[in-house]
Amino acid sequence: MAENRRKVYMAAGYQTISMGTGRKEFNPKKPRPGLEEYIREAGQGTLRQIGGGANVDEGVIGNFMAARFNKQGHLAALIPSVDENLRWKPCCRVEGACASGGLGLITAVKSVLAGTADVVLTIGVEVQNTVKAVYGADYLALAGWFRGERKKGHSYFFPALFSDRAGCYFQAFGREKTRRAFARWYRNAVENARLCDTAQEYHNTAEDLEALGLTEPNPRTFVDHLNVYDCSKVSDGAAAIAVVSQEGLDRIGVAASSAVEILGWGQVEADLTVPPADFTRLETTARAVKKALESARITLDEIGTIECHDCFTISGLLSVEAIGLAKKGQGADYILEGNTSRTGPMPVNTTGGLIGWGHPTGGTGVRQAVTLWQQLTGTAGRSQIRIPSERPHALSVNMGGNDKTVVAIVYRRAA
Amino acid sequence: MDYARRLENVTVLGAAGKMGSGIVLLTAMEMADLSLEAGQEPQTFSLNAVDASAKGLCGLQSYLRNQVQKAAEKKTVALRKAYQDREDLVENEEIIKQYVEDVLALVHPATQLEAAYDSDLVFEAVPENPGLKIKLLSQIRSHSSRDPWFFTNTSSIPISELNDKVNLGGRIIGYHFYNPPAVQKLVEMICADATLPDLAGFAEEFASRLRKVVVPSRDIAGFIGNGHFMRDALHGISEVERLSPELGFVESVYTVNKVSQDFLIRPMGIFQLIDYVGLDVCQYILRVMDERLAGARLHSPLLDRLIAAGVLGGQYADGSQKDGFLKYDRGRPAGVFDPERAAYIPSSEIAARCDERLGALPGHAKPWKAVIQDRDRARFLEAYFGQMKESNTFGAMLARRYGQRSKEIGLGLLSDKVAARAEDVNTVLETGFYHAYGPINDYFD
């Protein structure tokens with residue numbers, strides 16, 4: 001993996017509220033902002049910090065399934081609705097299921113590396129509360145292989161795929177401890193979310209989170225090995241960030257101390273039509289992380305915080321192993337020992353991750369970058385953690401589908 | 001005739017009514033589920049939805065469509081398995097739509113009673129009028145090509161009386177769903193002495209397949225549910241009459257309704273519940289019970305006067321609440337009927353004064369909904385009513401009187417042998433009326 005041939009930075013991040021059940025203002029029966037409003041809010045949130053649309057060369061939007069959730073395709077042409085100065089500029093929409101946001105970031109990074117743009121506005125968005133969860137499950141299932149998998153799959157297709165992974169993991173490494181690790185993961189997620197006012201679980205006041213997390217799964221109404229607390233919720237939300245070159249930073253008037261540098265990245269694709277060889281392993285995630293670290297020329301010891309793709313507690317646990325924080329079969333211990341908590345040696349998902357902050361699918365990859373940009377530049381507010389000087393890097397891992405598309409990115413504060 | 005065979009041709013009488021439409025819904029889904037389990041075409045089964053009102057039957061169609069869809073959305077995990085051989089049905093949405101179609105295809109609306117003549121099972125859910133029920137059942141009995149079993153949804157008329165007057169030879173059972181049948185878990189089951197054991201066995205199986213809670217009641221007019229409700233309602237009315245000279249009628253209705261809801265932690269106040277059931281329906285039930293229970297004195301001249309004045313309660317076709325004792329704004333009580341002025345007085349004009357008179361709720365108070373969701377409900381209720389015992393407010397005093405009367409009614413149902421066990425009385429009130437606790441308790445002693 002080659003090093004970046006040109007320095008690439010990210011700055012001026014913005015995230016909307018992750019709206020859905022759990023937020024006090026959420027009422028499924030009342031009208032809510034739609035796709036257009038979320039795109040505009042996030043895009044303008046970033047443009048305000050970089051001198052407006054006139055400073056932007058290009059726009060990229062990551063989105064998974066607006067065609068079905070919102071009956072809207074052609075999202076690239078919604079980018080100019082953010083700011084009239086974006087009209088007539090090159091824009092594109094990218095899709096890689098739940099890694100659409102990560103693909104958006106990488107697409108922008110590549111434009112900057114190619115030298116065809118110095119400032120790229122990158123947006124990720126998904127608005128999913130337009131239908132009941134049972135129909136949303138149909139749309140999300142399109143991240144799997146429709147012709148080969150859907151008919152024989154479960155009503156809740158993705159929860160069931162990861163429930164199967166959990167079942168295999170239970171069999172290989174024990175159920176009781178693993179379920180306790182899931183419950184701890186849930187607790188960490190909610191406790192972190194309570195520190196971030198845009199998080200979907202920000203208003204969560206449940207007292208005994210681990211007891212909730214240990215609720216027995218109900219296969220009659222849901223899936224075999226996961227309960228609802230093991231799952232990220234249905235979310236509406238968007239995030240945006242500017243991906244820029246050194247010249248771009250100068251143009252938008254953002255100091256290096258307010259930006260992060262992209263040191264390396266890994267973008268890996270697996271074959272949608274081939275089932276995972278080992279259900280207890282996220283192989284694609286492991287490969288993407290390895291590439292990202294190698295291209296950044298750092299090791300895991302130099303990472304101070306991670307945003308991982310915990311669409312389910314089991315994905316969180318398997319990510320811990322795939323990233324290399326724990327050996328195979330030891331992820332549960334690693335979590336239960338407190339290593340991933342905000343006060344532990346490797347704080348993971350400091351604003352709650354997908355389970356705590358929320359998972360507007362196509363927006364998640366960009367939201368992860370915004371969180372890390374905030375943490376590294378010291379602007380994370382109540383959720384701010386200390387980034388140790390000997391471990392000044394951060395890592396984001398954004399996964400699409402059942403470990404099929406993965407984007408991993410390594411960041412460091414620019415100055 | 002086995003269980004599934006018995007359900008192949010069913011008629012529901014009064015199919016467009018509140019109870020009838022719910023029974024159609026549950027029965028049609030059970031038929032569809034049976035055929036899916038057996039891998040048969042759903043058309044093996046047929047359900048005649050008979051009602052005198054053609055307009056009502058149109059409404060039934062859209063009601064069924066909505067309700068079956070909601071039910072299908074909740075059981076999509078099972079439906080996906082049931083339709084696993086249908087290659088053309090892949091997404092949840094396709095499966096749910098197919099299920100809705102399959103259920104609706106079983107239902108044949110009819111305005112003529114002849115539709116029932118080939119049925120092996122007849123559910124009767126027509127108005128609570130003994131003469132009407134006897135007339136319709138007799139007509140089916142004499143014209144039927146079968147020996148159908150009759151399930152009557154009566155909430156008050158003794159089953160043995162229907163059996164004798166229609167000459168059914170035990171082919172009848174009381175099967176009292178609660179409103180709305182699709183939601184309420186309770187079925188009060190009443191066997192007459194003559195009821196055939198096979199029929200009772202089928203009735204039990206049907207209820208368990210519908211995931212209902214069955215409580216047996218003796219065959220005594222009013223059974224357990226109305227045996228309690230009617231007396232409880234009359235207590236509320238007599239409290240209004242007792243308090244009116246001092247507080248005024250409108251204020252008394254407001255006060256007693258509030259005590260029976262907020263102080264007693266019930267889902268609705270007593271006058272809202274009377275409105276929900278319908279004043280005229282209550283009057284019918286009281287009459288049926290009063291005529292059959294010697295010395296029971298179940299009658300309310302006030303109710304008669306209000307009904308004569310056109311104050312009826314009940315629901316509109318879309319399920320929204322009609323005005324009765326109370327006036328409703330988007331389903332919430334917003335005023336009280338004043339018979340002298342023949343008009344509704346807005347709650348806002350009297351609430352502050354009445355609330356002040358009642359005094360504060362005991363310190364631990366929580367709304368009914370929070371209480372039924374409380375994981376440790378028993379402990380909460382113990383503490384709450386403990387505080388109420390210590391409280392000397394007007395509200396606490398009225399609530400204690402109310403709770404004591406409710407218990408007395410419950411114990412009366414036991415001593416009259418309407419209910420075999422205190423637990424049965426409590427289960428009926430908890431599952432059929434959604435009370436947070438049964439009337440037979442120690443909270444008000």
# chains A, B, ... in the order shown; residues from 1 in each chain; ligands from 1
>>> residues_around(residues="Thr154 of chain B", least_positions_apart="2", cutoff="10 Å", atoms="only C-alpha atoms", output="ChimeraX atom specification")
/B:124-130,133,151-152,156-159,173-177,190,221-223,285
>>> write_last_selection(atoms="C-alpha atoms", output="PDB file, in the first residue's frame")
ATOM      1  CA  GLU B 124     -73.430 -14.287  17.892  1.00  0.00           C
ATOM      2  CA  ALA B 125     -72.524 -10.669  18.641  1.00  0.00           C
ATOM      3  CA  VAL B 126     -75.763  -8.777  18.043  1.00  0.00           C
ATOM      4  CA  PRO B 127     -77.062  -6.146  20.485  1.00  0.00           C
ATOM      5  CA  GLU B 128     -77.628  -7.229  24.094  1.00  0.00           C
ATOM      6  CA  ASN B 129     -81.339  -7.831  23.563  1.00  0.00           C
ATOM      7  CA  PRO B 130     -82.599 -11.276  24.632  1.00  0.00           C
ATOM      8  CA  LYS B 133     -80.785 -13.076  20.090  1.00  0.00           C
ATOM      9  CA  PHE B 151     -70.946 -19.056  20.643  1.00  0.00           C
ATOM     10  CA  THR B 152     -72.752 -16.122  22.138  1.00  0.00           C
ATOM     11  CA  SER B 156     -75.268 -10.637  30.660  1.00  0.00           C
ATOM     12  CA  ILE B 157     -77.951 -13.071  29.449  1.00  0.00           C
ATOM     13  CA  PRO B 158     -77.776 -16.523  31.069  1.00  0.00           C
ATOM     14  CA  ILE B 159     -76.711 -19.149  28.555  1.00  0.00           C
ATOM     15  CA  ILE B 173     -71.627 -21.603  25.136  1.00  0.00           C
ATOM     16  CA  GLY B 174     -71.080 -18.105  26.475  1.00  0.00           C
ATOM     17  CA  TYR B 175     -67.919 -16.688  24.968  1.00  0.00           C
ATOM     18  CA  HIS B 176     -67.563 -13.126  26.099  1.00  0.00           C
ATOM     19  CA  PHE B 177     -64.757 -11.233  24.390  1.00  0.00           C
ATOM     20  CA  ILE B 190     -69.743 -19.496  30.460  1.00  0.00           C
ATOM     21  CA  ALA B 221     -76.791 -12.952  34.607  1.00  0.00           C
ATOM     22  CA  GLY B 222     -73.996 -10.420  34.169  1.00  0.00           C
ATOM     23  CA  PHE B 223     -71.308 -13.012  34.810  1.00  0.00           C
ATOM     24  CA  ILE B 285     -77.355  -4.933  30.587  1.00  0.00           C
TER      25      ILE B 285
END
>>> closest_atom_pairs(of="chain A", to="chain B", cutoff="6 Å", atoms="only C-alpha atoms", output="Markdown table")
| residue | atom | partner | partner_atom | distance |
| --- | --- | --- | --- | --- |
| A:Asp138 | CA | B:Glu91 | CA | 5.8 |
| A:Lys151 | CA | B:Val90 | CA | 4.9 |
| A:Ser155 | CA | B:Val77 | CA | 5.5 |
>>> write_last_selection(atoms="C-alpha atoms", output="PDB file, in the first residue's frame")
ATOM      1  CA  ASP A 138     -36.524  -5.208   3.638  1.00  0.00           C
ATOM      2  CA  LYS A 151     -35.783 -15.502   0.155  1.00  0.00           C
ATOM      3  CA  SER A 155     -37.661 -11.161   8.228  1.00  0.00           C
TER       4      SER A 155
END
>>> select_by_dssp(residues="segment 123-227 of chain B", states="alpha helix (DSSP H)", output="PyMOL selection string")
chain B and resi 130-143+159-166+197-209+225-227
>>> residues_around(residues="His108 of chain B", least_positions_apart="3", cutoff="6 Å", atoms="only C-alpha atoms", output="list in words")
Leu47, Asn48 and Ala49 of chain B
>>> residues_around(residues="Glu408 of chain B", least_positions_apart="2", cutoff="12 Å", atoms="only C-alpha atoms", output="ChimeraX atom specification")
/B:227-228,231-232,235,401-406,410-416,422,425,438-442,444-445
>>> residues_around(residues="Arg242 of chain B", least_positions_apart="6", cutoff="10 Å", atoms="only C-alpha atoms", output="list in words")
Gly236, Phe249 and Ser252 of chain B
>>> closest_atom_pairs(of="segment 98-174 of chain A", to="segment 59-67 of chain A", cutoff="7 Å", atoms="only C-alpha atoms", output="JSON lines")
{"residue": "A:Cys98", "atom": "CA", "partner": "A:Phe64", "partner_atom": "CA", "distance": 6.5}
{"residue": "A:Ser100", "atom": "CA", "partner": "A:Gly62", "partner_atom": "CA", "distance": 4.7}
{"residue": "A:Gly101", "atom": "CA", "partner": "A:Gly62", "partner_atom": "CA", "distance": 4.7}
{"residue": "A:Leu103", "atom": "CA", "partner": "A:Gly62", "partner_atom": "CA", "distance": 6.9}
{"residue": "A:Gly104", "atom": "CA", "partner": "A:Gly62", "partner_atom": "CA", "distance": 5.0}
{"residue": "A:Ala108", "atom": "CA", "partner": "A:Val60", "partner_atom": "CA", "distance": 6.6}
{"residue": "A:Val120", "atom": "CA", "partner": "A:Gly59", "partner_atom": "CA", "distance": 5.5}
{"residue": "A:Leu121", "atom": "CA", "partner": "A:Gly59", "partner_atom": "CA", "distance": 4.8}
{"residue": "A:Thr122", "atom": "CA", "partner": "A:Val60", "partner_atom": "CA", "distance": 4.9}
{"residue": "A:Ile123", "atom": "CA", "partner": "A:Ile61", "partner_atom": "CA", "distance": 4.7}
{"residue": "A:Gly124", "atom": "CA", "partner": "A:Gly62", "partner_atom": "CA", "distance": 4.5}
{"residue": "A:Val125", "atom": "CA", "partner": "A:Asn63", "partner_atom": "CA", "distance": 5.5}
{"residue": "A:Glu126", "atom": "CA", "partner": "A:Asn63", "partner_atom": "CA", "distance": 6.1}
{"residue": "A:Tyr139", "atom": "CA", "partner": "A:Met65", "partner_atom": "CA", "distance": 7.0}
>>> write_last_selection(atoms="N, CA and C atoms", output="compact mmCIF listing (two decimals), in the first residue's frame")
# COMPACT_ATOMS: atom_id res chain seq x y z
N CYS A 98 -23.88 0.24 4.36
CA CYS A 98 -23.62 1.06 5.55
C CYS A 98 -22.24 1.69 5.52
N SER A 100 -21.40 3.49 2.97
CA SER A 100 -21.52 4.56 1.97
C SER A 100 -20.81 5.83 2.42
N GLY A 101 -20.92 6.15 3.70
CA GLY A 101 -20.26 7.36 4.22
C GLY A 101 -18.75 7.23 4.11
N LEU A 103 -17.12 5.36 2.01
CA LEU A 103 -16.77 5.45 0.58
C LEU A 103 -16.80 6.90 0.13
N GLY A 104 -17.73 7.69 0.66
CA GLY A 104 -17.79 9.12 0.33
C GLY A 104 -16.50 9.81 0.74
N ALA A 108 -13.64 11.46 -1.80
CA ALA A 108 -13.16 12.84 -1.66
C ALA A 108 -11.64 12.86 -1.51
N VAL A 120 -13.22 19.41 -0.91
CA VAL A 120 -14.37 18.58 -1.27
C VAL A 120 -15.33 18.52 -0.08
N LEU A 121 -16.56 18.94 -0.33
CA LEU A 121 -17.59 18.83 0.70
C LEU A 121 -18.12 17.41 0.67
N THR A 122 -18.01 16.71 1.82
CA THR A 122 -18.44 15.31 1.88
C THR A 122 -19.58 15.17 2.87
N ILE A 123 -20.66 14.62 2.39
CA ILE A 123 -21.87 14.48 3.21
C ILE A 123 -22.26 13.01 3.26
N GLY A 124 -22.74 12.58 4.40
CA GLY A 124 -23.34 11.24 4.48
C GLY A 124 -24.72 11.39 5.09
N VAL A 125 -25.69 10.68 4.57
CA VAL A 125 -27.07 10.87 5.05
C VAL A 125 -27.90 9.60 4.92
N GLU A 126 -28.82 9.42 5.87
CA GLU A 126 -29.85 8.40 5.72
C GLU A 126 -31.06 8.85 6.55
N TYR A 139 -35.51 -3.05 3.17
CA TYR A 139 -34.63 -2.15 2.43
C TYR A 139 -33.18 -2.39 2.82
>>> closest_residue(among="A:Ala199, A:Gly353, A:Gly378, A:Glu95", to="Gly401 of chain A", atoms="only C-alpha atoms")
A:Glu95
>>> residues_around(residues="Gly39 of chain B", least_positions_apart="4", cutoff="10 Å", atoms="only C-alpha atoms", output="list in words")
Asp33, Leu34, Ser35, Ala82, Tyr83 and Asp85 of chain B
>>> select_by_dssp(residues="segment 86-222 of chain A", states="strand (DSSP E)", output="MDAnalysis selection string")
chainID A and resid 91:94 119:127
>>> write_last_selection(atoms="C-alpha atoms", output="mmCIF file, in the first residue's frame")
data_model
loop_
_atom_site.group_PDB
_atom_site.id
_atom_site.type_symbol
_atom_site.label_atom_id
_atom_site.label_comp_id
_atom_site.auth_asym_id
_atom_site.auth_seq_id
_atom_site.Cartn_x
_atom_site.Cartn_y
_atom_site.Cartn_z
ATOM 1 C CA CYS A 91 -20.801 16.171 -7.601
ATOM 2 C CA CYS A 92 -21.361 12.464 -7.176
ATOM 3 C CA ARG A 93 -23.209 10.064 -4.930
ATOM 4 C CA VAL A 94 -21.583 6.856 -3.744
ATOM 5 C CA VAL A 119 -11.743 21.305 -1.148
ATOM 6 C CA VAL A 120 -14.368 18.577 -1.273
ATOM 7 C CA LEU A 121 -17.592 18.835 0.698
ATOM 8 C CA THR A 122 -18.437 15.311 1.879
ATOM 9 C CA ILE A 123 -21.872 14.480 3.214
ATOM 10 C CA GLY A 124 -23.340 11.236 4.482
ATOM 11 C CA VAL A 125 -27.073 10.868 5.048
ATOM 12 C CA GLU A 126 -29.854 8.403 5.725
ATOM 13 C CA VAL A 127 -33.483 9.058 6.704
#
>>> residues_around(residues="Ile350 of chain B", least_positions_apart="3", cutoff="9 Å", atoms="only C-alpha atoms", output="ChimeraX atom specification")
/B:250-251,254,345-347,353-355
>>> write_last_selection(atoms="C-alpha atoms", output="mmCIF file, in the first residue's frame")
data_model
loop_
_atom_site.group_PDB
_atom_site.id
_atom_site.type_symbol
_atom_site.label_atom_id
_atom_site.label_comp_id
_atom_site.auth_asym_id
_atom_site.auth_seq_id
_atom_site.Cartn_x
_atom_site.Cartn_y
_atom_site.Cartn_z
ATOM 1 C CA VAL B 250 -71.492 18.609 36.993
ATOM 2 C CA GLU B 251 -68.847 19.005 39.678
ATOM 3 C CA TYR B 254 -66.098 15.411 37.352
ATOM 4 C CA ILE B 345 -69.891 22.471 30.711
ATOM 5 C CA PRO B 346 -66.191 22.689 29.777
ATOM 6 C CA SER B 347 -63.943 20.971 32.327
ATOM 7 C CA ARG B 353 -62.264 24.244 41.983
ATOM 8 C CA CYS B 354 -62.959 20.493 42.075
ATOM 9 C CA ASP B 355 -59.281 19.551 42.135
#
>>> closest_residue(among="A:Tyr411, A:Tyr14, A:Tyr135, A:Phe312", to="Lys233 of chain A", atoms="only C-alpha atoms")
A:Phe312
>>> atom_distance(atom1="atom CA of Leu429 of chain B", atom2="atom CA of Gly359 of chain B")
27.3 Å
>>> atom_distance(atom1="atom CA of Val311 of chain B", atom2="atom CA of Val12 of chain B")
29.4 Å
>>> atom_distance(atom1="atom CA of Cys196 of chain A", atom2="atom CA of Ile314 of chain A")
23.4 Å
>>> decode(residues="segment 63-74 of chain B", atoms="C-alpha atoms", output="compact mmCIF listing (two decimals), in the first residue's frame")
# COMPACT_ATOMS: atom_id res chain seq x y z
CA TYR B 63 -61.21 -2.32 9.43
CA LEU B 64 -60.08 -5.86 8.63
CA ARG B 65 -57.53 -4.68 6.08
CA ASN B 66 -55.91 -2.34 8.61
CA GLN B 67 -56.00 -4.75 11.50
CA VAL B 68 -54.76 -7.80 9.59
CA GLN B 69 -51.90 -5.72 8.23
CA LYS B 70 -50.93 -4.60 11.73
CA ALA B 71 -51.14 -8.15 13.03
CA ALA B 72 -49.10 -9.42 10.08
CA GLU B 73 -46.41 -6.81 10.68
CA LYS B 74 -46.06 -8.15 14.20
